[in-house]
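Visitor: I am sharing query-v5.txt, which consists of compact mmCIF, N, CA and C atoms and all ligand atoms:
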# COMPACT_ATOMS: atom_id res chain seq x y z
N MET A 21 0.84 -1.20 0.00
CA MET A 21 0.00 0.00 0.00
C MET A 21 0.87 1.24 0.00
N SER A 22 0.46 2.21 -0.82
CA SER A 22 1.23 3.45 -0.78
C SER A 22 0.29 4.63 -1.00
N THR A 23 0.59 5.69 -0.28
CA THR A 23 -0.20 6.91 -0.45
C THR A 23 0.25 7.59 -1.74
N GLU A 24 -0.72 7.86 -2.58
CA GLU A 24 -0.44 8.50 -3.87
C GLU A 24 -1.31 9.73 -4.05
N LYS A 25 -0.91 10.51 -5.05
CA LYS A 25 -1.75 11.63 -5.49
C LYS A 25 -2.11 11.38 -6.94
N THR A 26 -3.29 11.85 -7.33
CA THR A 26 -3.70 11.75 -8.73
C THR A 26 -4.39 13.05 -9.14
N LEU A 27 -4.35 13.35 -10.43
CA LEU A 27 -5.03 14.55 -10.91
C LEU A 27 -6.42 14.18 -11.42
N SER A 28 -7.40 14.92 -10.96
CA SER A 28 -8.78 14.77 -11.44
C SER A 28 -9.20 16.06 -12.12
N ILE A 29 -9.98 15.93 -13.17
CA ILE A 29 -10.63 17.11 -13.77
C ILE A 29 -12.12 16.82 -13.86
N ILE A 30 -12.92 17.68 -13.27
CA ILE A 30 -14.37 17.63 -13.49
C ILE A 30 -14.62 18.44 -14.76
N LYS A 31 -15.14 17.76 -15.78
CA LYS A 31 -15.19 18.31 -17.13
C LYS A 31 -16.40 19.25 -17.34
N PRO A 32 -16.41 20.00 -18.48
CA PRO A 32 -17.46 21.01 -18.69
C PRO A 32 -18.89 20.47 -18.69
N ASP A 33 -19.10 19.22 -19.09
CA ASP A 33 -20.48 18.71 -19.07
C ASP A 33 -21.01 18.65 -17.65
N ALA A 34 -20.11 18.42 -16.69
CA ALA A 34 -20.53 18.31 -15.29
C ALA A 34 -20.67 19.68 -14.64
N THR A 35 -19.73 20.61 -14.93
CA THR A 35 -19.89 21.95 -14.35
C THR A 35 -21.17 22.59 -14.90
N ALA A 36 -21.48 22.32 -16.18
CA ALA A 36 -22.68 22.91 -16.80
C ALA A 36 -23.95 22.44 -16.11
N ARG A 37 -23.93 21.21 -15.58
CA ARG A 37 -25.15 20.68 -14.94
C ARG A 37 -25.14 20.87 -13.42
N ASN A 38 -24.12 21.61 -12.92
CA ASN A 38 -24.06 21.92 -11.49
C ASN A 38 -23.99 20.65 -10.63
N ILE A 39 -23.19 19.68 -11.08
CA ILE A 39 -23.08 18.44 -10.31
C ILE A 39 -21.65 18.22 -9.79
N THR A 40 -20.90 19.32 -9.61
CA THR A 40 -19.54 19.15 -9.06
C THR A 40 -19.61 18.66 -7.61
N GLY A 41 -20.63 19.10 -6.90
CA GLY A 41 -20.79 18.65 -5.51
C GLY A 41 -21.10 17.17 -5.43
N LYS A 42 -21.97 16.71 -6.33
CA LYS A 42 -22.31 15.28 -6.38
C LYS A 42 -21.05 14.45 -6.66
N ILE A 43 -20.24 14.94 -7.61
CA ILE A 43 -19.01 14.20 -7.96
C ILE A 43 -18.03 14.23 -6.79
N ASN A 44 -17.89 15.39 -6.15
CA ASN A 44 -17.00 15.45 -4.99
C ASN A 44 -17.48 14.52 -3.88
N TYR A 45 -18.79 14.41 -3.71
CA TYR A 45 -19.33 13.50 -2.70
C TYR A 45 -18.94 12.06 -3.03
N MET A 46 -19.04 11.69 -4.31
CA MET A 46 -18.68 10.32 -4.72
C MET A 46 -17.18 10.08 -4.52
N ILE A 47 -16.37 11.11 -4.81
CA ILE A 47 -14.92 10.98 -4.60
C ILE A 47 -14.63 10.77 -3.11
N GLU A 48 -15.22 11.61 -2.27
CA GLU A 48 -14.91 11.54 -0.84
C GLU A 48 -15.47 10.26 -0.22
N LYS A 49 -16.60 9.79 -0.72
CA LYS A 49 -17.18 8.55 -0.21
C LYS A 49 -16.25 7.36 -0.47
N SER A 50 -15.44 7.46 -1.53
CA SER A 50 -14.52 6.36 -1.86
C SER A 50 -13.30 6.36 -0.95
N GLY A 51 -13.15 7.39 -0.12
CA GLY A 51 -12.02 7.45 0.79
C GLY A 51 -10.91 8.38 0.32
N LEU A 52 -11.02 8.88 -0.91
CA LEU A 52 -10.00 9.80 -1.41
C LEU A 52 -10.19 11.19 -0.79
N ASN A 53 -9.08 11.86 -0.52
CA ASN A 53 -9.13 13.23 0.00
C ASN A 53 -8.88 14.21 -1.13
N ILE A 54 -9.71 15.25 -1.21
CA ILE A 54 -9.49 16.32 -2.19
C ILE A 54 -8.57 17.32 -1.50
N ILE A 55 -7.27 17.31 -1.87
CA ILE A 55 -6.31 18.16 -1.13
C ILE A 55 -6.07 19.49 -1.84
N ALA A 56 -6.55 19.63 -3.07
CA ALA A 56 -6.46 20.92 -3.77
C ALA A 56 -7.50 20.92 -4.87
N GLN A 57 -8.09 22.08 -5.13
CA GLN A 57 -8.97 22.17 -6.29
C GLN A 57 -9.19 23.62 -6.69
N LYS A 58 -9.37 23.83 -7.98
CA LYS A 58 -9.69 25.18 -8.47
C LYS A 58 -10.54 25.07 -9.74
N ARG A 59 -11.44 26.03 -9.88
CA ARG A 59 -12.32 26.08 -11.04
C ARG A 59 -11.69 27.04 -12.03
N ILE A 60 -11.39 26.56 -13.23
CA ILE A 60 -10.67 27.37 -14.23
C ILE A 60 -11.29 27.19 -15.61
N LYS A 61 -10.92 28.08 -16.52
CA LYS A 61 -11.30 27.96 -17.92
C LYS A 61 -10.04 27.58 -18.67
N LEU A 62 -10.03 26.44 -19.35
CA LEU A 62 -8.86 26.04 -20.12
C LEU A 62 -8.84 26.82 -21.43
N SER A 63 -7.65 27.23 -21.85
CA SER A 63 -7.51 27.79 -23.20
C SER A 63 -7.31 26.62 -24.16
N LYS A 64 -7.47 26.89 -25.45
CA LYS A 64 -7.24 25.86 -26.47
C LYS A 64 -5.82 25.34 -26.39
N GLU A 65 -4.88 26.26 -26.15
CA GLU A 65 -3.46 25.89 -26.08
C GLU A 65 -3.21 24.94 -24.91
N VAL A 66 -3.76 25.29 -23.75
CA VAL A 66 -3.53 24.47 -22.55
C VAL A 66 -4.20 23.10 -22.70
N ALA A 67 -5.45 23.09 -23.20
CA ALA A 67 -6.16 21.82 -23.38
C ALA A 67 -5.43 20.93 -24.39
N SER A 68 -4.91 21.54 -25.46
CA SER A 68 -4.18 20.76 -26.47
C SER A 68 -2.90 20.18 -25.90
N ARG A 69 -2.22 20.97 -25.07
CA ARG A 69 -0.99 20.46 -24.45
C ARG A 69 -1.30 19.35 -23.46
N PHE A 70 -2.39 19.52 -22.69
CA PHE A 70 -2.76 18.52 -21.70
C PHE A 70 -3.08 17.18 -22.37
N TYR A 71 -3.79 17.23 -23.50
CA TYR A 71 -4.21 16.01 -24.19
C TYR A 71 -3.29 15.67 -25.39
N GLU A 72 -2.05 16.18 -25.33
CA GLU A 72 -1.12 15.99 -26.44
C GLU A 72 -0.96 14.52 -26.86
N VAL A 73 -1.00 13.61 -25.88
CA VAL A 73 -0.83 12.17 -26.22
C VAL A 73 -1.90 11.68 -27.20
N HIS A 74 -3.02 12.39 -27.24
CA HIS A 74 -4.12 11.96 -28.13
C HIS A 74 -4.15 12.73 -29.46
N LYS A 75 -3.09 13.52 -29.75
CA LYS A 75 -3.22 14.45 -30.89
C LYS A 75 -3.38 13.78 -32.25
N GLU A 76 -2.98 12.52 -32.36
CA GLU A 76 -3.18 11.81 -33.63
C GLU A 76 -4.54 11.11 -33.71
N ARG A 77 -5.26 11.10 -32.59
CA ARG A 77 -6.55 10.38 -32.56
C ARG A 77 -7.62 11.19 -33.29
N PRO A 78 -8.58 10.50 -33.92
CA PRO A 78 -9.60 11.23 -34.70
C PRO A 78 -10.47 12.16 -33.86
N PHE A 79 -10.57 11.88 -32.56
CA PHE A 79 -11.46 12.69 -31.72
C PHE A 79 -10.74 13.88 -31.08
N PHE A 80 -9.45 14.09 -31.40
CA PHE A 80 -8.65 15.10 -30.69
C PHE A 80 -9.25 16.51 -30.76
N GLU A 81 -9.58 16.98 -31.98
CA GLU A 81 -10.09 18.36 -32.13
C GLU A 81 -11.39 18.55 -31.35
N ASP A 82 -12.28 17.56 -31.47
CA ASP A 82 -13.56 17.62 -30.74
C ASP A 82 -13.33 17.64 -29.24
N LEU A 83 -12.39 16.81 -28.81
CA LEU A 83 -12.10 16.72 -27.37
C LEU A 83 -11.60 18.07 -26.84
N VAL A 84 -10.69 18.71 -27.57
CA VAL A 84 -10.17 20.01 -27.14
C VAL A 84 -11.30 21.04 -27.12
N SER A 85 -12.14 21.05 -28.17
CA SER A 85 -13.27 22.00 -28.19
C SER A 85 -14.20 21.77 -27.00
N PHE A 86 -14.45 20.51 -26.70
CA PHE A 86 -15.31 20.19 -25.55
C PHE A 86 -14.68 20.69 -24.25
N MET A 87 -13.39 20.47 -24.09
CA MET A 87 -12.73 20.81 -22.81
C MET A 87 -12.65 22.32 -22.58
N VAL A 88 -12.76 23.12 -23.66
CA VAL A 88 -12.73 24.58 -23.50
C VAL A 88 -14.14 25.18 -23.55
N SER A 89 -15.16 24.32 -23.63
CA SER A 89 -16.53 24.81 -23.84
C SER A 89 -17.16 25.38 -22.56
N GLY A 90 -16.49 25.23 -21.44
CA GLY A 90 -17.01 25.74 -20.17
C GLY A 90 -15.97 25.54 -19.10
N PRO A 91 -16.28 25.98 -17.88
CA PRO A 91 -15.29 25.82 -16.81
C PRO A 91 -15.03 24.35 -16.46
N VAL A 92 -13.84 24.09 -15.95
CA VAL A 92 -13.51 22.77 -15.42
C VAL A 92 -13.04 22.97 -13.98
N VAL A 93 -13.11 21.90 -13.20
CA VAL A 93 -12.55 21.94 -11.84
C VAL A 93 -11.38 20.96 -11.82
N VAL A 94 -10.17 21.50 -11.65
CA VAL A 94 -9.00 20.63 -11.56
C VAL A 94 -8.71 20.36 -10.08
N GLN A 95 -8.40 19.12 -9.78
CA GLN A 95 -8.28 18.72 -8.38
C GLN A 95 -7.10 17.77 -8.19
N VAL A 96 -6.54 17.79 -6.99
CA VAL A 96 -5.56 16.77 -6.61
C VAL A 96 -6.21 15.90 -5.55
N LEU A 97 -6.24 14.60 -5.82
CA LEU A 97 -6.82 13.63 -4.89
C LEU A 97 -5.69 12.83 -4.26
N GLN A 98 -5.82 12.54 -2.98
CA GLN A 98 -4.77 11.78 -2.30
C GLN A 98 -5.37 10.64 -1.50
N GLY A 99 -4.66 9.52 -1.49
CA GLY A 99 -5.10 8.37 -0.70
C GLY A 99 -4.28 7.14 -1.06
N GLU A 100 -4.60 6.03 -0.39
CA GLU A 100 -3.93 4.76 -0.70
C GLU A 100 -4.24 4.37 -2.14
N ASN A 101 -3.21 4.09 -2.91
CA ASN A 101 -3.38 3.70 -4.32
C ASN A 101 -4.34 4.61 -5.07
N ALA A 102 -4.18 5.90 -4.86
CA ALA A 102 -5.14 6.89 -5.39
C ALA A 102 -5.33 6.79 -6.91
N VAL A 103 -4.24 6.50 -7.65
CA VAL A 103 -4.35 6.50 -9.11
C VAL A 103 -5.32 5.41 -9.57
N ALA A 104 -5.06 4.17 -9.15
CA ALA A 104 -5.92 3.05 -9.57
C ALA A 104 -7.31 3.16 -8.93
N LEU A 105 -7.34 3.59 -7.67
CA LEU A 105 -8.65 3.70 -7.00
C LEU A 105 -9.54 4.70 -7.74
N TYR A 106 -8.98 5.86 -8.10
CA TYR A 106 -9.83 6.85 -8.77
C TYR A 106 -10.29 6.35 -10.14
N ARG A 107 -9.42 5.60 -10.86
CA ARG A 107 -9.85 5.03 -12.15
C ARG A 107 -11.08 4.14 -11.93
N ARG A 108 -11.07 3.39 -10.84
CA ARG A 108 -12.23 2.51 -10.55
C ARG A 108 -13.47 3.34 -10.20
N VAL A 109 -13.26 4.39 -9.42
CA VAL A 109 -14.37 5.25 -9.00
C VAL A 109 -14.99 5.96 -10.22
N MET A 110 -14.13 6.33 -11.19
CA MET A 110 -14.62 7.00 -12.41
C MET A 110 -15.42 6.04 -13.28
N GLY A 111 -14.94 4.82 -13.44
CA GLY A 111 -15.57 3.85 -14.35
C GLY A 111 -15.00 3.96 -15.76
N ALA A 112 -15.49 3.10 -16.63
CA ALA A 112 -14.97 3.02 -18.01
C ALA A 112 -15.16 4.33 -18.76
N THR A 113 -14.28 4.59 -19.73
CA THR A 113 -14.32 5.82 -20.54
C THR A 113 -15.70 6.05 -21.14
N ASN A 114 -16.27 4.96 -21.71
CA ASN A 114 -17.62 5.03 -22.28
C ASN A 114 -18.65 4.70 -21.19
N PRO A 115 -19.53 5.65 -20.86
CA PRO A 115 -20.48 5.38 -19.76
C PRO A 115 -21.34 4.14 -19.98
N ASP A 116 -21.56 3.77 -21.25
CA ASP A 116 -22.33 2.55 -21.53
C ASP A 116 -21.63 1.31 -20.98
N ASP A 117 -20.30 1.38 -20.88
CA ASP A 117 -19.53 0.24 -20.38
C ASP A 117 -19.19 0.36 -18.90
N ALA A 118 -19.53 1.49 -18.30
CA ALA A 118 -19.13 1.73 -16.90
C ALA A 118 -20.03 0.97 -15.93
N GLU A 119 -19.43 0.54 -14.83
CA GLU A 119 -20.20 -0.19 -13.82
C GLU A 119 -21.11 0.73 -13.03
N LYS A 120 -22.20 0.15 -12.57
CA LYS A 120 -23.15 0.88 -11.74
C LYS A 120 -22.43 1.46 -10.51
N GLY A 121 -22.80 2.67 -10.14
CA GLY A 121 -22.19 3.29 -8.96
C GLY A 121 -20.94 4.10 -9.27
N THR A 122 -20.41 3.96 -10.49
CA THR A 122 -19.24 4.77 -10.86
C THR A 122 -19.70 6.17 -11.30
N ILE A 123 -18.75 7.11 -11.24
CA ILE A 123 -19.10 8.49 -11.61
C ILE A 123 -19.60 8.55 -13.05
N ARG A 124 -18.89 7.85 -13.95
CA ARG A 124 -19.30 7.94 -15.35
C ARG A 124 -20.64 7.27 -15.60
N LYS A 125 -20.93 6.17 -14.91
CA LYS A 125 -22.26 5.55 -15.09
C LYS A 125 -23.35 6.47 -14.59
N GLU A 126 -23.10 7.10 -13.44
CA GLU A 126 -24.15 7.92 -12.82
C GLU A 126 -24.26 9.31 -13.45
N CYS A 127 -23.16 9.82 -14.03
CA CYS A 127 -23.14 11.24 -14.44
C CYS A 127 -22.85 11.50 -15.91
N ALA A 128 -22.08 10.63 -16.58
CA ALA A 128 -21.59 10.99 -17.92
C ALA A 128 -22.71 10.98 -18.95
N LEU A 129 -22.52 11.81 -20.00
CA LEU A 129 -23.52 11.92 -21.06
C LEU A 129 -23.14 11.10 -22.29
N SER A 130 -21.82 10.93 -22.52
CA SER A 130 -21.34 10.24 -23.72
C SER A 130 -19.87 9.88 -23.51
N ILE A 131 -19.31 9.17 -24.50
CA ILE A 131 -17.88 8.80 -24.38
C ILE A 131 -17.00 10.04 -24.32
N GLU A 132 -17.41 11.12 -24.96
CA GLU A 132 -16.63 12.37 -24.90
C GLU A 132 -16.98 13.17 -23.65
N ALA A 133 -18.26 13.44 -23.47
CA ALA A 133 -18.71 14.23 -22.32
C ALA A 133 -18.87 13.29 -21.13
N ASN A 134 -17.72 12.80 -20.66
CA ASN A 134 -17.78 11.74 -19.65
C ASN A 134 -17.40 12.22 -18.25
N SER A 135 -17.64 13.50 -18.01
CA SER A 135 -17.70 14.12 -16.67
C SER A 135 -16.39 14.26 -15.90
N VAL A 136 -15.49 13.29 -16.03
CA VAL A 136 -14.26 13.35 -15.24
C VAL A 136 -13.05 12.82 -16.00
N HIS A 137 -11.90 13.35 -15.60
CA HIS A 137 -10.60 12.81 -16.04
C HIS A 137 -9.86 12.33 -14.80
N GLY A 138 -9.10 11.27 -14.94
CA GLY A 138 -8.19 10.85 -13.88
C GLY A 138 -6.88 10.35 -14.47
N SER A 139 -5.77 10.66 -13.85
CA SER A 139 -4.46 10.22 -14.34
C SER A 139 -4.45 8.70 -14.48
N ASP A 140 -3.68 8.21 -15.48
CA ASP A 140 -3.69 6.76 -15.71
C ASP A 140 -2.44 6.04 -15.19
N SER A 141 -1.49 6.78 -14.59
CA SER A 141 -0.33 6.12 -13.97
C SER A 141 0.25 7.09 -12.94
N VAL A 142 1.06 6.56 -12.03
CA VAL A 142 1.66 7.40 -11.00
C VAL A 142 2.58 8.44 -11.65
N ASP A 143 3.31 8.02 -12.68
CA ASP A 143 4.19 8.94 -13.40
C ASP A 143 3.42 10.08 -14.05
N ASN A 144 2.34 9.72 -14.77
CA ASN A 144 1.52 10.75 -15.41
C ASN A 144 0.83 11.64 -14.38
N ALA A 145 0.47 11.06 -13.24
CA ALA A 145 -0.17 11.86 -12.18
C ALA A 145 0.78 12.97 -11.74
N LYS A 146 2.05 12.63 -11.55
CA LYS A 146 3.04 13.66 -11.13
C LYS A 146 3.13 14.76 -12.17
N LYS A 147 3.21 14.35 -13.44
CA LYS A 147 3.31 15.35 -14.52
C LYS A 147 2.07 16.22 -14.59
N GLU A 148 0.90 15.57 -14.51
CA GLU A 148 -0.36 16.32 -14.65
C GLU A 148 -0.61 17.25 -13.47
N ILE A 149 -0.20 16.81 -12.26
CA ILE A 149 -0.38 17.68 -11.09
C ILE A 149 0.50 18.91 -11.23
N SER A 150 1.77 18.71 -11.65
CA SER A 150 2.64 19.89 -11.77
C SER A 150 2.25 20.77 -12.96
N PHE A 151 1.49 20.20 -13.90
CA PHE A 151 0.96 20.99 -15.02
C PHE A 151 -0.02 22.06 -14.51
N PHE A 152 -0.81 21.72 -13.50
CA PHE A 152 -1.86 22.63 -13.02
C PHE A 152 -1.59 23.28 -11.66
N PHE A 153 -0.75 22.66 -10.84
CA PHE A 153 -0.59 23.14 -9.46
C PHE A 153 0.88 23.37 -9.11
N SER A 154 1.13 24.43 -8.32
CA SER A 154 2.48 24.65 -7.80
C SER A 154 2.58 23.97 -6.43
N GLU A 155 3.82 23.77 -5.96
CA GLU A 155 4.05 23.12 -4.66
C GLU A 155 3.23 23.76 -3.55
N THR A 156 3.17 25.11 -3.54
CA THR A 156 2.52 25.81 -2.43
C THR A 156 1.00 25.62 -2.43
N GLU A 157 0.45 25.12 -3.53
CA GLU A 157 -1.00 24.89 -3.58
C GLU A 157 -1.37 23.50 -3.03
N LEU A 158 -0.36 22.69 -2.74
CA LEU A 158 -0.61 21.32 -2.29
C LEU A 158 -0.30 21.21 -0.81
N TYR A 159 -1.32 21.32 0.00
CA TYR A 159 -1.15 21.23 1.45
C TYR A 159 -1.70 19.89 1.90
N GLU A 160 -0.81 19.04 2.41
CA GLU A 160 -1.21 17.66 2.72
C GLU A 160 -1.66 17.47 4.16
N GLY A 161 -1.55 18.51 5.00
CA GLY A 161 -1.84 18.35 6.43
C GLY A 161 -3.30 18.14 6.71
P1 LIG A 201 -9.34 10.58 -19.25
O1 LIG A 201 -7.96 10.63 -19.86
O2 LIG A 201 -10.17 11.80 -19.58
O3 LIG A 201 -9.31 10.25 -17.79
P2 LIG A 201 -9.66 7.89 -20.20
O4 LIG A 201 -8.25 7.71 -19.74
O5 LIG A 201 -10.71 6.98 -19.69
O6 LIG A 201 -10.14 9.38 -19.92
P3 LIG A 201 -8.61 8.29 -22.86
O7 LIG A 201 -8.46 7.18 -23.82
O8 LIG A 201 -7.39 8.82 -22.17
O9 LIG A 201 -9.71 7.86 -21.78
O10 LIG A 201 -9.35 9.46 -23.64
C1 LIG A 201 -9.30 10.80 -23.15
C2 LIG A 201 -10.66 11.42 -23.31
O11 LIG A 201 -10.93 11.56 -24.71
C3 LIG A 201 -11.84 10.60 -22.78
O12 LIG A 201 -12.07 10.76 -21.42
C4 LIG A 201 -12.99 11.16 -23.60
O13 LIG A 201 -13.43 12.41 -23.08
C5 LIG A 201 -12.32 11.38 -24.95
N1 LIG A 201 -12.49 10.20 -25.83
C6 LIG A 201 -11.86 9.01 -25.73
N2 LIG A 201 -12.24 8.16 -26.70
C7 LIG A 201 -13.14 8.84 -27.46
C8 LIG A 201 -13.91 8.54 -28.62
N3 LIG A 201 -13.82 7.36 -29.20
N4 LIG A 201 -14.73 9.52 -29.09
C9 LIG A 201 -14.81 10.73 -28.52
N5 LIG A 201 -14.11 11.09 -27.42
C10 LIG A 201 -13.29 10.16 -26.89
MG MG A 202 -6.64 9.03 -20.25
Would you write the structure of this file as structure tokens?

Guide:
Amino acid sequence: MSTEKTLSIIKPDATARNITGKINYMIEKSGLNIIAQKRIKLSKEVASRFYEVHKERPFFEDLVSFMVSGPVVVQVLQGENAVALYRRVMGATNPDDAEKGTIRKECALSIEANSVHGSDSVDNAKKEISFFFSETELYEG
């Protein structure tokens, strides 16, 4: 067991429906601690850089447009095995495939508008957290 941090993003489809509190409740119910969060508007440049790994995928342009279509809430979650745990709490990318009780099953609208992002490895979590947060914004006490 190891205490980890992971980056979460509550996406524009969820902020638009005013369900950030519901999602935070589901996160906290799973045992993860929200140790930092801020509501921001992504620019096209920032969203493109964040999703750079997907730039060759056919859905890349749509994904970037979606991510800048409204505010997002970027968060740092901390807990035992936080990276894998949050992936389970989120559920499958496509809500049709997500298990009951997961955020995407309960909240997502489509494979694109799927309400949340979570880092997919401990290494990527470190990179993604430093992409959005400075050291002084991360208070673990
Ligand atoms: P995320 O990285 O947002 O946590 P994920 O790791 O489950 O999601 P990825 O394969 O990394 O899924 O895709 C990144 C995001 O791109 C997805 O969350 C979704 O919003 C969008 N996406 C993925 N596949 C498709 C698709 N086939 N059509 C449209 N959008 C897609
Ligand atoms: Mg991913």

Visitor: Using DSSP assignments from the backbone, pull out every residue in segment 79-135 of chain A that falls under helix (DSSP H, G or I) and give it to me as a list in words.

Guide: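 Those residues are Phe80, Glu81, Asp82, Leu83, Val84, Ser85, Phe86, Met87, Ala102, Val103, Ala104, Leu105, Tyr106, Arg107, Arg108, Val109, Met110, Pro115, Asp116, Asp117, Ile123, Arg124, Lys125, Glu126 and Cys127 of chain A.
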
Visitor: Could you check the closest approach to ligand MG 202 (chain A) for each of A:Ser89, A:Thr23, A:Thr35, A:Ser141 and tell me which residue wins, using only N, CA and C atoms and all ligand atoms?

Guide: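 Using only N, CA and C atoms and all ligand atoms, the shortest distance to ligand MG 202 (chain A) belongs to A:Ser141.
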
Visitor: Using only C-alpha atoms for the distances, tell me which of A:Thr156, A:Thr122, A:Ser150, A:Asn101 is nearest to Lys25 of chain A.

Guide: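 Of A:Thr156, A:Thr122, A:Ser150, A:Asn101, the one nearest Lys25 of chain A is A:Asn101, counting only C-alpha atoms.
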
Visitor: Would you mind telling me which residue in A:Arg69, A:Arg37, A:Arg107, A:Lys147 lies nearest to ligand MG 202 (chain A) when using only C-alpha atoms and all ligand atoms?

Guide: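 Of A:Arg69, A:Arg37, A:Arg107, A:Lys147, the one nearest ligand MG 202 (chain A), counting only C-alpha atoms and all ligand atoms, is A:Arg107.
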
Visitor: Determine, using only N, CA and C atoms and all ligand atoms, which residues of chain A have any atom at most 7 Å from an atom of ligand MG 202 (chain A), and tabulate each with its shortest atom pair and distance in Å to one decimal place, rows ordered by chain and then rising number, as a tab-separated table.

Guide:
residue	atom	partner	partner_atom	distance
A:His137	CA	A:MG202	MG	6.9
A:Gly138	C	A:MG202	MG	5.9
A:Ser139	C	A:MG202	MG	6.2
A:Asp140	N	A:MG202	MG	5.7

Visitor: Closest to Pro32 of chain A among A:Glu126, A:Gly161, A:Val93, A:Asp143, using only N, CA and C atoms?

Guide: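 Closest residue, counting only N, CA and C atoms: A:Val93.
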
Visitor: For atom CA of Lys120 of chain A and atom C of Arg59 of chain A, quote the distance in Å rounded to one decimal.

Guide: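 A separation of 28.6 Å between them.
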
Visitor: Please return, as a PyMOL selection string, all residues of chain A that DSSP assigns to strand (DSSP E) on the basis of the backbone.

Guide: chain A and resi 23-30+53-60+92-100+136-138

Visitor: Can you work out the spacing between atom N of Val92 of chain A and atom CA of Arg124 of chain A in Å, to one decimal?

Guide: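 According to the coordinates, atom N of Val92 of chain A and atom CA of Arg124 of chain A are separated by 17.1 Å.
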
Visitor: Please return as a list in words the residues found within 5 Å of ligand LIG 201 (chain A), counting all atoms listed in the file.

Guide: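 Listed by chain and ascending number, the contacts are Thr113, Ile131, Glu132, Ala133, Asn134, Val136, His137 and Gly138 of chain A.
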
Visitor: How many Å separate atom C of Ala67 of chain A from atom N of Ile54 of chain A?

Guide: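 Between these atoms lies a distance of 24.2 Å.
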
Visitor: In terms of the shortest atom-to-atom distance over only C-alpha atoms, which of A:Lys58, A:Lys75, A:Ile43, A:Ser85 is closest to Lys125 of chain A?

Guide: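 Counting only C-alpha atoms, the residue closest to Lys125 of chain A is A:Ile43.
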
Visitor: Kindly provide, as a PDB file with N, CA and C atoms, in the coordinates of the input, the polymer residues lying within 6.5 Å of (-13.5, 5.6, -5.6), counting only N, CA and C atoms and using the coordinates exactly as they appear in the file.

Guide:
ATOM      1  N   MET A  46     -19.040  11.690  -4.310  1.00  0.00           N
ATOM      2  CA  MET A  46     -18.680  10.320  -4.720  1.00  0.00           C
ATOM      3  C   MET A  46     -17.180  10.080  -4.520  1.00  0.00           C
ATOM      4  N   ILE A  47     -16.370  11.110  -4.810  1.00  0.00           N
ATOM      5  CA  ILE A  47     -14.920  10.980  -4.600  1.00  0.00           C
ATOM      6  C   ILE A  47     -14.630  10.770  -3.110  1.00  0.00           C
ATOM      7  N   LYS A  49     -16.600   9.790  -0.720  1.00  0.00           N
ATOM      8  CA  LYS A  49     -17.180   8.550  -0.210  1.00  0.00           C
ATOM      9  C   LYS A  49     -16.250   7.360  -0.470  1.00  0.00           C
ATOM     10  N   SER A  50     -15.440   7.460  -1.530  1.00  0.00           N
ATOM     11  CA  SER A  50     -14.520   6.360  -1.860  1.00  0.00           C
ATOM     12  C   SER A  50     -13.300   6.360  -0.950  1.00  0.00           C
ATOM     13  N   GLY A  51     -13.150   7.390  -0.120  1.00  0.00           N
ATOM     14  CA  GLY A  51     -12.020   7.450   0.790  1.00  0.00           C
ATOM     15  C   GLY A  51     -10.910   8.380   0.320  1.00  0.00           C
ATOM     16  N   LEU A  52     -11.020   8.880  -0.910  1.00  0.00           N
ATOM     17  CA  LEU A  52     -10.000   9.800  -1.410  1.00  0.00           C
ATOM     18  C   LEU A  52     -10.190  11.190  -0.790  1.00  0.00           C
ATOM     19  N   LEU A 105      -7.340   3.590  -7.670  1.00  0.00           N
ATOM     20  CA  LEU A 105      -8.650   3.700  -7.000  1.00  0.00           C
ATOM     21  C   LEU A 105      -9.540   4.700  -7.740  1.00  0.00           C
ATOM     22  N   TYR A 106      -8.980   5.860  -8.100  1.00  0.00           N
ATOM     23  CA  TYR A 106      -9.830   6.850  -8.770  1.00  0.00           C
ATOM     24  C   TYR A 106     -10.290   6.350 -10.140  1.00  0.00           C
ATOM     25  N   ARG A 108     -11.070   3.390 -10.840  1.00  0.00           N
ATOM     26  CA  ARG A 108     -12.230   2.510 -10.550  1.00  0.00           C
ATOM     27  C   ARG A 108     -13.470   3.340 -10.200  1.00  0.00           C
ATOM     28  N   VAL A 109     -13.260   4.390  -9.420  1.00  0.00           N
ATOM     29  CA  VAL A 109     -14.370   5.250  -9.000  1.00  0.00           C
ATOM     30  C   VAL A 109     -14.990   5.960 -10.220  1.00  0.00           C
ATOM     31  N   MET A 110     -14.130   6.330 -11.190  1.00  0.00           N
ATOM     32  CA  MET A 110     -14.620   7.000 -12.410  1.00  0.00           C
ATOM     33  C   MET A 110     -15.420   6.040 -13.280  1.00  0.00           C
TER      34      MET A 110
END

Visitor: Could you tell me which of A:Met87, A:Ala34, A:Val103, A:Val66 comes closest to Ala145 of chain A if we count only C-alpha atoms?

Guide: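 Between A:Met87, A:Ala34, A:Val103, A:Val66, the residue approaching Ala145 of chain A most closely is A:Val103.
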